[in-house]
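Participant: Sending over coords-v2.pdb (PDB, C-alpha atoms).
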```pdb
ATOM      1  CA  MET H   1     116.237  93.091 111.138
ATOM      2  CA  ASP H   2     116.308  96.804 111.936
ATOM      3  CA  ASN H   3     112.636  97.498 111.256
ATOM      4  CA  TRP H   4     110.339  95.062 113.070
ATOM      5  CA  ASP H   5     107.395  96.954 111.617
ATOM      6  CA  ASP H   6     108.019  95.166 108.316
ATOM      7  CA  LEU H   7     106.869  91.932 109.967
ATOM      8  CA  LYS H   8     103.474  93.532 110.537
ATOM      9  CA  PHE H   9     103.119  93.991 106.788
ATOM     10  CA  LEU H  10     104.356  90.453 106.147
ATOM     11  CA  LEU H  11     101.758  89.050 108.535
ATOM     12  CA  ALA H  12      98.968  91.187 107.088
ATOM     13  CA  VAL H  13      99.611  89.923 103.540
ATOM     14  CA  SER H  14      99.699  86.356 104.859
ATOM     15  CA  LYS H  15      96.363  86.822 106.634
ATOM     16  CA  ALA H  16      94.555  88.667 103.865
ATOM     17  CA  GLY H  17      96.038  86.762 100.930
ATOM     18  CA  SER H  18      96.501  89.915  98.855
ATOM     19  CA  MET H  19      98.174  93.317  98.875
ATOM     20  CA  SER H  20      94.832  95.105  98.815
ATOM     21  CA  GLY H  21      93.508  93.024 101.700
ATOM     22  CA  ALA H  22      96.640  93.743 103.726
ATOM     23  CA  ALA H  23      96.251  97.471 103.025
ATOM     24  CA  ARG H  24      92.683  97.313 104.358
ATOM     25  CA  LEU H  25      93.791  95.533 107.531
ATOM     26  CA  LEU H  26      96.566  98.043 108.180
ATOM     27  CA  GLY H  27      94.630 101.149 107.198
ATOM     28  CA  THR H  28      97.107 102.075 104.488
ATOM     29  CA  ASN H  29      97.367 101.796 100.696
ATOM     30  CA  VAL H  30      98.551  99.072  98.317
ATOM     31  CA  ALA H  31     101.605 101.073  97.247
ATOM     32  CA  THR H  32     102.889 101.196 100.824
ATOM     33  CA  VAL H  33     102.356  97.455 101.294
ATOM     34  CA  SER H  34     104.140  96.753  98.011
ATOM     35  CA  ARG H  35     107.143  98.893  99.017
ATOM     36  CA  ARG H  36     107.404  97.081 102.339
ATOM     37  CA  MET H  37     107.314  93.700 100.614
ATOM     38  CA  GLU H  38     110.032  94.812  98.184
ATOM     39  CA  ARG H  39     112.227  95.988 101.076
ATOM     40  CA  LEU H  40     111.651  92.745 102.941
ATOM     41  CA  ALA H  41     112.483  90.732  99.822
ATOM     42  CA  ASP H  42     115.807  92.595  99.511
ATOM     43  CA  LEU H  43     116.571  91.912 103.173
ATOM     44  CA  LEU H  44     115.660  88.204 103.000
ATOM     45  CA  GLY H  45     117.122  87.587  99.576
ATOM     46  CA  THR H  46     113.883  85.955  98.410
ATOM     47  CA  GLU H  47     110.318  86.968  97.638
ATOM     48  CA  PRO H  48     108.045  86.444 100.701
ATOM     49  CA  PHE H  49     105.090  85.600  98.457
ATOM     50  CA  GLN H  50     104.810  84.009  95.051
ATOM     51  CA  ARG H  51     102.112  84.817  92.522
ATOM     52  CA  THR H  52     100.331  81.710  91.206
ATOM     53  CA  PRO H  53      97.190  81.161  89.102
ATOM     54  CA  ARG H  54      95.368  80.758  92.441
ATOM     55  CA  GLY H  55      96.669  84.077  93.779
ATOM     56  CA  TRP H  56      99.461  84.919  96.217
ATOM     57  CA  GLU H  57     101.005  81.984  98.065
ATOM     58  CA  THR H  58     103.505  82.083 100.924
ATOM     59  CA  ASN H  59     107.099  81.209 100.116
ATOM     60  CA  PRO H  60     107.838  78.100 102.232
ATOM     61  CA  LEU H  61     111.140  79.699 103.292
ATOM     62  CA  VAL H  62     109.380  82.468 105.242
ATOM     63  CA  LYS H  63     106.624  80.430 106.904
ATOM     64  CA  GLY H  64     108.657  80.184 110.096
ATOM     65  CA  LEU H  65     109.104  83.955 110.134
ATOM     66  CA  ILE H  66     105.367  84.446 109.705
ATOM     67  CA  GLU H  67     104.662  82.074 112.597
ATOM     68  CA  VAL H  68     107.022  84.078 114.813
ATOM     69  CA  ALA H  69     105.299  87.322 113.795
ATOM     70  CA  GLU H  70     101.859  85.809 114.432
ATOM     71  CA  THR H  71     102.910  84.599 117.876
ATOM     72  CA  PHE H  72     104.384  87.992 118.713
ATOM     73  CA  GLU H  73     101.207  89.762 117.593
ATOM     74  CA  GLY H  74      99.021  87.397 119.618
ATOM     75  CA  HIS H  75     100.984  88.001 122.802
ATOM     76  CA  ILE H  76     100.936  91.774 122.248
ATOM     77  CA  ASP H  77      97.161  91.791 121.635
ATOM     78  CA  LYS H  78      96.577  89.725 124.767
ATOM     79  CA  GLU H  79      98.636  92.006 126.980
ATOM     80  CA  LEU H  80      97.060  95.131 125.498
ATOM     81  CA  ASN H  81      93.616  93.692 126.218
ATOM     82  CA  HIS H  82      94.603  92.969 129.821
ATOM     83  CA  VAL H  83      95.335  96.675 130.169
ATOM     84  CA  SER H  84      92.441  98.040 128.113
ATOM     85  CA  THR H  85      89.697  95.989 129.790
ATOM     86  CA  THR H  86      90.283  97.873 133.024
ATOM     87  CA  ASN H  87      88.360 100.811 131.520
ATOM     88  CA  ASP H  88      84.803 100.913 130.208
ATOM     89  CA  GLU H  89      85.652 100.858 126.502
ATOM     90  CA  ARG H  90      84.562  97.931 124.354
ATOM     91  CA  GLN H  91      87.408  96.212 122.528
ATOM     92  CA  PRO H  92      86.992  95.120 118.888
ATOM     93  CA  VAL H  93      86.978  91.407 118.099
ATOM     94  CA  ARG H  94      86.651  90.055 114.565
ATOM     95  CA  ILE H  95      84.448  86.959 114.271
ATOM     96  CA  GLY H  96      84.182  84.883 111.102
ATOM     97  CA  ALA H  97      81.286  82.436 110.813
ATOM     98  CA  PRO H  98      78.988  80.849 108.214
ATOM     99  CA  PRO H  99      76.102  83.247 107.433
ATOM    100  CA  ILE H 100      73.540  80.744 108.760
ATOM    101  CA  VAL H 101      75.335  80.649 112.132
ATOM    102  CA  SER H 102      75.658  84.426 112.345
ATOM    103  CA  SER H 103      72.049  85.167 111.405
ATOM    104  CA  GLN H 104      70.360  82.395 113.390
ATOM    105  CA  VAL H 105      72.620  82.053 116.448
ATOM    106  CA  LEU H 106      74.871  85.053 117.015
ATOM    107  CA  PHE H 107      72.769  88.008 115.888
ATOM    108  CA  PRO H 108      69.730  87.159 118.068
ATOM    109  CA  ALA H 109      71.995  87.120 121.153
ATOM    110  CA  LEU H 110      73.656  90.470 120.528
ATOM    111  CA  LEU H 111      71.609  92.431 123.061
ATOM    112  CA  GLY H 112      70.185  91.531 126.443
ATOM    113  CA  THR H 113      73.099  89.281 127.308
ATOM    114  CA  GLU H 114      73.408  90.234 130.978
ATOM    115  CA  GLY H 115      76.715  92.043 130.703
ATOM    116  CA  ARG H 116      78.486  89.474 128.555
ATOM    117  CA  MET H 117      79.025  92.043 125.814
ATOM    118  CA  LYS H 118      80.165  94.919 128.037
ATOM    119  CA  SER H 119      83.858  94.517 127.138
ATOM    120  CA  ILE H 120      83.659  93.536 123.451
ATOM    121  CA  ALA H 121      82.532  95.082 120.174
ATOM    122  CA  PRO H 122      82.198  92.210 117.675
ATOM    123  CA  GLU H 123      82.752  92.672 113.957
ATOM    124  CA  PHE H 124      81.064  89.919 111.953
ATOM    125  CA  THR H 125      82.230  88.598 108.587
ATOM    126  CA  ASP H 126      80.898  85.732 106.485
ATOM    127  CA  ARG H 127      83.021  82.580 106.242
ATOM    128  CA  LEU H 128      81.674  80.403 103.456
ATOM    129  CA  THR H 129      84.354  77.695 103.565
ATOM    130  CA  PRO H 130      86.455  76.314 106.446
ATOM    131  CA  GLY H 131      90.108  77.269 106.760
ATOM    132  CA  GLY H 132      92.599  79.090 108.962
ATOM    133  CA  LEU H 133      92.045  82.216 111.037
ATOM    134  CA  GLY H 134      92.981  84.597 108.253
ATOM    135  CA  ASP H 135      92.398  88.119 109.554
ATOM    136  CA  HIS H 136      89.949  86.994 112.260
ATOM    137  CA  ASP H 137      90.403  86.769 116.011
ATOM    138  CA  ILE H 138      87.869  83.947 116.257
ATOM    139  CA  ILE H 139      86.234  81.697 113.679
ATOM    140  CA  ILE H 140      83.348  79.242 113.806
ATOM    141  CA  GLN H 141      83.324  76.305 111.415
ATOM    142  CA  ASP H 142      82.207  72.699 111.087
ATOM    143  CA  ARG H 143      85.584  71.014 111.323
ATOM    144  CA  LEU H 144      88.752  71.055 113.391
ATOM    145  CA  PRO H 145      91.980  72.488 111.972
ATOM    146  CA  GLU H 146      94.333  70.034 110.317
ATOM    147  CA  GLY H 147      97.372  71.706 111.802
ATOM    148  CA  GLY H 148      98.720  75.011 113.049
ATOM    149  CA  ARG H 149      98.469  76.511 116.504
ATOM    150  CA  LEU H 150      94.735  76.911 116.872
ATOM    151  CA  LEU H 151      92.767  76.028 119.984
ATOM    152  CA  SER H 152      89.205  74.781 119.599
ATOM    153  CA  ARG H 153      86.015  74.225 121.566
ATOM    154  CA  LYS H 154      82.964  72.312 120.432
ATOM    155  CA  LEU H 155      79.816  74.435 120.401
ATOM    156  CA  GLY H 156      77.192  71.894 119.404
ATOM    157  CA  ALA H 157      75.618  70.727 116.179
ATOM    158  CA  MET H 158      73.209  71.979 113.531
ATOM    159  CA  VAL H 159      70.755  69.485 112.054
ATOM    160  CA  PHE H 160      69.480  69.935 108.496
ATOM    161  CA  ARG H 161      66.424  68.480 106.735
ATOM    162  CA  VAL H 162      64.513  69.119 103.541
ATOM    163  CA  TYR H 163      61.807  71.692 104.254
ATOM    164  CA  ALA H 164      59.056  73.052 102.038
ATOM    165  CA  PRO H 165      56.414  75.786 102.321
ATOM    166  CA  PRO H 166      52.712  74.862 101.999
ATOM    167  CA  GLU H 167      51.467  74.069  98.501
ATOM    168  CA  TYR H 168      55.024  73.937  97.206
ATOM    169  CA  THR H 169      55.784  72.914  93.657
ATOM    170  CA  ALA H 170      56.180  69.127  93.739
ATOM    171  CA  GLY H 171      59.709  67.974  92.962
ATOM    172  CA  ALA H 172      61.117  71.505  92.854
ATOM    173  CA  TRP H 173      63.952  72.335  95.228
ATOM    174  CA  VAL H 174      67.050  74.517  95.476
ATOM    175  CA  SER H 175      70.525  73.119  96.192
ATOM    176  CA  LEU H 176      73.772  74.429  97.612
ATOM    177  CA  SER H 177      76.428  75.287  95.039
ATOM    178  CA  GLU H 178      78.991  72.516  94.608
ATOM    179  CA  ALA H 179      81.670  75.215  94.775
ATOM    180  CA  THR H 180      81.075  75.478  98.529
ATOM    181  CA  GLY H 181      82.536  72.006  98.989
ATOM    182  CA  TYR H 182      79.472  70.732 100.861
ATOM    183  CA  THR H 183      77.987  67.712  99.118
ATOM    184  CA  GLN H 184      75.845  66.148 101.859
ATOM    185  CA  PRO H 185      72.988  68.704 101.657
ATOM    186  CA  ASN H 186      72.646  68.105  97.929
ATOM    187  CA  GLN H 187      72.774  64.338  98.361
ATOM    188  CA  LEU H 188      70.000  64.603 100.936
ATOM    189  CA  GLY H 189      67.942  66.817  98.641
ATOM    190  CA  ARG H 190      68.230  64.397  95.734
ATOM    191  CA  LYS H 191      67.319  61.461  97.974
ATOM    192  CA  VAL H 192      64.203  63.086  99.431
ATOM    193  CA  MET H 193      63.004  64.943  96.335
ATOM    194  CA  GLY H 194      63.986  62.363  93.714
ATOM    195  CA  THR H 195      64.802  65.111  91.221
ATOM    196  CA  GLU H 196      67.600  67.470  90.265
ATOM    197  CA  PRO H 197      67.479  70.996  91.753
ATOM    198  CA  VAL H 198      65.895  73.821  89.788
ATOM    199  CA  ALA H 199      68.410  76.373  91.129
ATOM    200  CA  THR H 200      71.543  76.661  93.253
ATOM    201  CA  ALA H 201      72.646  79.120  95.937
ATOM    202  CA  SER H 202      75.937  79.848  97.690
ATOM    203  CA  THR H 203      74.572  79.945 101.273
ATOM    204  CA  PHE H 204      71.779  78.334 103.267
ATOM    205  CA  MET H 205      70.199  81.754 103.830
ATOM    206  CA  GLN H 206      70.017  82.264 100.061
ATOM    207  CA  MET H 207      68.424  78.831  99.754
ATOM    208  CA  PHE H 208      65.859  79.841 102.362
ATOM    209  CA  GLU H 209      64.966  83.039 100.472
ATOM    210  CA  LEU H 210      64.671  81.176  97.174
ATOM    211  CA  ALA H 211      62.459  78.529  98.765
ATOM    212  CA  GLN H 212      60.172  81.060 100.452
ATOM    213  CA  GLN H 213      59.754  83.361  97.483
ATOM    214  CA  ASN H 214      59.231  80.603  94.921
ATOM    215  CA  ARG H 215      57.385  78.044  97.053
ATOM    216  CA  ILE H 216      59.937  75.308  96.534
ATOM    217  CA  ALA H 217      61.822  72.996  98.908
ATOM    218  CA  ALA H 218      65.337  73.413 100.306
ATOM    219  CA  VAL H 219      67.716  71.754 102.750
ATOM    220  CA  LEU H 220      67.574  74.015 105.819
ATOM    221  CA  PRO H 221      68.633  73.833 109.477
ATOM    222  CA  ASP H 222      66.004  72.857 112.031
ATOM    223  CA  LEU H 223      66.934  76.012 113.952
ATOM    224  CA  LEU H 224      65.761  78.215 111.096
ATOM    225  CA  ALA H 225      62.746  76.144 110.087
ATOM    226  CA  ARG H 226      61.343  76.182 113.643
ATOM    227  CA  LYS H 227      60.908  79.953 113.382
ATOM    228  CA  TYR H 228      58.456  79.554 110.513
ATOM    229  CA  ASN H 229      55.346  77.473 111.100
ATOM    230  CA  SER H 230      54.746  77.463 107.353
ATOM    231  CA  LEU H 231      57.754  75.200 106.731
ATOM    232  CA  SER H 232      57.269  71.439 106.979
ATOM    233  CA  PRO H 233      59.926  68.692 106.872
ATOM    234  CA  LEU H 234      59.844  66.235 103.976
ATOM    235  CA  GLY H 235      61.039  62.637 104.048
ATOM    236  CA  GLY H 236      61.381  60.382 107.069
ATOM    237  CA  SER H 237      62.839  61.083 110.502
ATOM    238  CA  GLU H 238      66.125  59.545 109.370
ATOM    239  CA  ASP H 239      66.399  61.917 106.398
ATOM    240  CA  CYS H 240      68.679  64.485 107.995
ATOM    241  CA  ILE H 241      72.328  65.478 108.268
ATOM    242  CA  SER H 242      74.201  67.006 111.175
ATOM    243  CA  TYR H 243      77.265  69.245 111.315
ATOM    244  CA  ASP H 244      79.298  69.710 114.501
ATOM    245  CA  LEU H 245      80.392  73.297 115.032
ATOM    246  CA  PHE H 246      83.645  74.446 116.633
ATOM    247  CA  VAL H 247      85.022  77.809 117.697
ATOM    248  CA  LEU H 248      88.735  78.349 116.996
ATOM    249  CA  TYR H 249      91.325  80.943 118.039
ATOM    250  CA  HIS H 250      95.120  81.200 118.175
ATOM    251  CA  GLU H 251      96.843  79.581 121.141
ATOM    252  CA  THR H 252      98.646  82.815 122.019
ATOM    253  CA  ARG H 253      95.266  84.379 122.828
ATOM    254  CA  LYS H 254      94.514  81.873 125.586
ATOM    255  CA  GLY H 255      93.783  83.909 128.699
ATOM    256  CA  ASP H 256      93.113  87.060 126.657
ATOM    257  CA  PRO H 257      90.169  88.714 128.465
ATOM    258  CA  VAL H 258      88.604  89.880 125.199
ATOM    259  CA  ILE H 259      88.805  86.409 123.667
ATOM    260  CA  GLU H 260      87.497  84.789 126.856
ATOM    261  CA  ALA H 261      84.565  87.234 127.019
ATOM    262  CA  THR H 262      83.782  86.539 123.351
ATOM    263  CA  LEU H 263      83.919  82.772 123.851
ATOM    264  CA  ASP H 264      81.573  83.101 126.831
ATOM    265  CA  TRP H 265      79.127  85.131 124.765
ATOM    266  CA  ILE H 266      79.277  82.722 121.808
ATOM    267  CA  ASN H 267      78.573  79.799 124.134
ATOM    268  CA  TYR H 268      75.631  81.743 125.598
ATOM    269  CA  ALA H 269      74.346  82.442 122.071
ATOM    270  CA  PHE H 270      74.324  78.731 121.225
ATOM    271  CA  LEU H 271      72.591  77.838 124.496
ATOM    272  CA  LYS H 272      69.978  80.522 123.838
ATOM    273  CA  ALA H 273      69.403  79.250 120.298
ATOM    274  CA  LYS H 274      68.702  75.803 121.746
ATOM    275  CA  GLY H 275      66.344  77.259 124.342
ATOM    276  CA  HIS H 276      68.681  76.483 127.259
ATOM    277  CA  ALA H 277      69.487  80.055 128.294
TER     278      ALA H 277
END
```
Kindly transcribe the structure held in the file into structure tokens.
Facilitator:
Amino acid sequence: MDNWDDLKFLLAVSKAGSMSGAARLLGTNVATVSRRMERLADLLGTEPFQRTPRGWETNPLVKGLIEVAETFEGHIDKELNHVSTTNDERQPVRIGAPPIVSSQVLFPALLGTEGRMKSIAPEFTDRLTPGGLGDHDIIIQDRLPEGGRLLSRKLGAMVFRVYAPPEYTAGAWVSLSEATGYTQPNQLGRKVMGTEPVATASTFMQMFELAQQNRIAAVLPDLLARKYNSLSPLGGSEDCISYDLFVLYHETRKGDPVIEATLDWINYAFLKAKGHA
């Protein structure tokens, strides 16, 4: 392969899942990405990606090539960060996490962290469903990866109960959309409330806003409910669910000073949220 730069485009499409997403990652346009994919297809003798009703999917024949490109990129990023962290500039790091984790754990720990943030400039994105890294450097989710080359650390757990504001409408509650793939919160809500939900939301933060503004119940994390004295738990002490949370990153980034600094800060954020920091 004469032009190794083509692998960068291949990896970007794999991460983003679309030509437009790859163009955003690379700071270019869709036409350029498309031309690179056409050139790569001519070189390989097969299309790197196949269009399906679900969107673009990776051709199994090029998965090994993508893994090589991902490993190469990880090593390059790590070595660049070893060099760049010797100056005073903050290095960007892209963190994907569920909105409830970002808003209730990470955001409150952004400032006043005793130098933990001096070398990093985090970029936060919402991750509504678990999966691979995608275009992130680090992700936080409630399950371990099924395969791949991701390293993981357990951060702790979030406990959820049914909460309601004072003088709430009896039997009225909001559920999490079934499209999210999370069924336990809705099962808990039906058990405690004994009724079907009056509305659905795509995130726990949306559920919280719906509950507050309409004086109805919702399944919310203890961490959030503790901030509002007006919210009271419903049901018995055993009526709760718990999700373990893990932080994941690619194995090639082990020892990367930017990744290590970010992991240290994330751990601090979770300790602070629990009142231990």
Participant: Could you pull the residues within 7 Å of H:Arg153, counting only C-alpha atoms, minus those fewer than 5 positions along the same chain, as JSON, numbers by chain?
Facilitator: {"H": [246, 247, 248]}
Participant: For this file, the PyMOL selection byres ((chain H and resi 204) around 8) selects which residues, as an mmCIF file with C-alpha atoms, in the coordinates of the input?
Facilitator:
```cif
data_model
loop_
_atom_site.group_PDB
_atom_site.id
_atom_site.type_symbol
_atom_site.label_atom_id
_atom_site.label_comp_id
_atom_site.auth_asym_id
_atom_site.auth_seq_id
_atom_site.Cartn_x
_atom_site.Cartn_y
_atom_site.Cartn_z
ATOM 1 C CA PRO H 99 76.102 83.247 107.433
ATOM 2 C CA ILE H 100 73.540 80.744 108.760
ATOM 3 C CA LEU H 176 73.772 74.429 97.612
ATOM 4 C CA ALA H 201 72.646 79.120 95.937
ATOM 5 C CA SER H 202 75.937 79.848 97.690
ATOM 6 C CA THR H 203 74.572 79.945 101.273
ATOM 7 C CA MET H 205 70.199 81.754 103.830
ATOM 8 C CA GLN H 206 70.017 82.264 100.061
ATOM 9 C CA MET H 207 68.424 78.831 99.754
ATOM 10 C CA PHE H 208 65.859 79.841 102.362
ATOM 11 C CA VAL H 219 67.716 71.754 102.750
ATOM 12 C CA LEU H 220 67.574 74.015 105.819
#
```
Participant: Apply the PyMOL selection byres ((chain H and resi 9) around 8) to the structure shown and report the selected residues as a PyMOL selection string.
Facilitator: chain H and resi 5-8+10-13+22+26+33+36-37
Participant: Within 10 Å of H:Ser18, counting all atoms listed in the file, which residues show up once you throw out same-chain ones fewer than 2 positions away? Write them as a ChimeraX atom specification, please.
Facilitator: /H:12-16,20-24,30,33,49,51,55-57
Participant: Rounded to one decimal place, report the atom CA of H:Asn267-atom CA of H:Leu223 distance in Å.
Facilitator: 15.9 Å
Participant: Starting from the sparse input, extend stretch 263-276 of chain H to N, CA, C and O atoms and give the output as a compact mmCIF listing (two decimals), in the frame of the given file.
Facilitator:
```
# COMPACT_ATOMS: atom_id res chain seq x y z
N LEU H 263 84.25 84.19 123.79
CA LEU H 263 83.92 82.77 123.85
C LEU H 263 82.73 82.53 124.78
O LEU H 263 81.85 81.72 124.48
N ASP H 264 82.70 83.23 125.90
CA ASP H 264 81.57 83.10 126.83
C ASP H 264 80.27 83.54 126.18
O ASP H 264 79.24 82.88 126.31
N TRP H 265 80.34 84.64 125.43
CA TRP H 265 79.13 85.13 124.76
C TRP H 265 78.69 84.18 123.65
O TRP H 265 77.49 83.91 123.49
N ILE H 266 79.63 83.66 122.87
CA ILE H 266 79.28 82.72 121.81
C ILE H 266 78.62 81.48 122.39
O ILE H 266 77.62 80.97 121.86
N ASN H 267 79.17 80.97 123.48
CA ASN H 267 78.57 79.80 124.13
C ASN H 267 77.16 80.11 124.60
O ASN H 267 76.24 79.29 124.44
N TYR H 268 76.97 81.31 125.18
CA TYR H 268 75.63 81.74 125.60
C TYR H 268 74.69 81.80 124.40
O TYR H 268 73.52 81.38 124.49
N ALA H 269 75.18 82.32 123.26
CA ALA H 269 74.35 82.44 122.07
C ALA H 269 73.85 81.08 121.60
O ALA H 269 72.69 80.92 121.21
N PHE H 270 74.72 80.07 121.65
CA PHE H 270 74.32 78.73 121.22
C PHE H 270 73.33 78.12 122.21
O PHE H 270 72.37 77.44 121.81
N LEU H 271 73.54 78.34 123.50
CA LEU H 271 72.59 77.84 124.50
C LEU H 271 71.23 78.50 124.32
O LEU H 271 70.18 77.86 124.41
N LYS H 272 71.23 79.80 124.05
CA LYS H 272 69.98 80.52 123.84
C LYS H 272 69.26 80.02 122.61
O LYS H 272 68.03 79.85 122.61
N ALA H 273 70.01 79.75 121.54
CA ALA H 273 69.40 79.25 120.30
C ALA H 273 68.73 77.90 120.52
O ALA H 273 67.73 77.57 119.86
N LYS H 274 69.28 77.10 121.45
CA LYS H 274 68.70 75.80 121.75
C LYS H 274 67.60 75.88 122.80
O LYS H 274 66.99 74.87 123.14
N GLY H 275 67.37 77.10 123.32
CA GLY H 275 66.34 77.26 124.34
C GLY H 275 66.79 76.89 125.73
O GLY H 275 65.99 76.66 126.63
N HIS H 276 68.15 76.88 125.96
CA HIS H 276 68.68 76.48 127.26
C HIS H 276 69.23 77.67 128.05
O HIS H 276 69.91 77.49 129.05
```
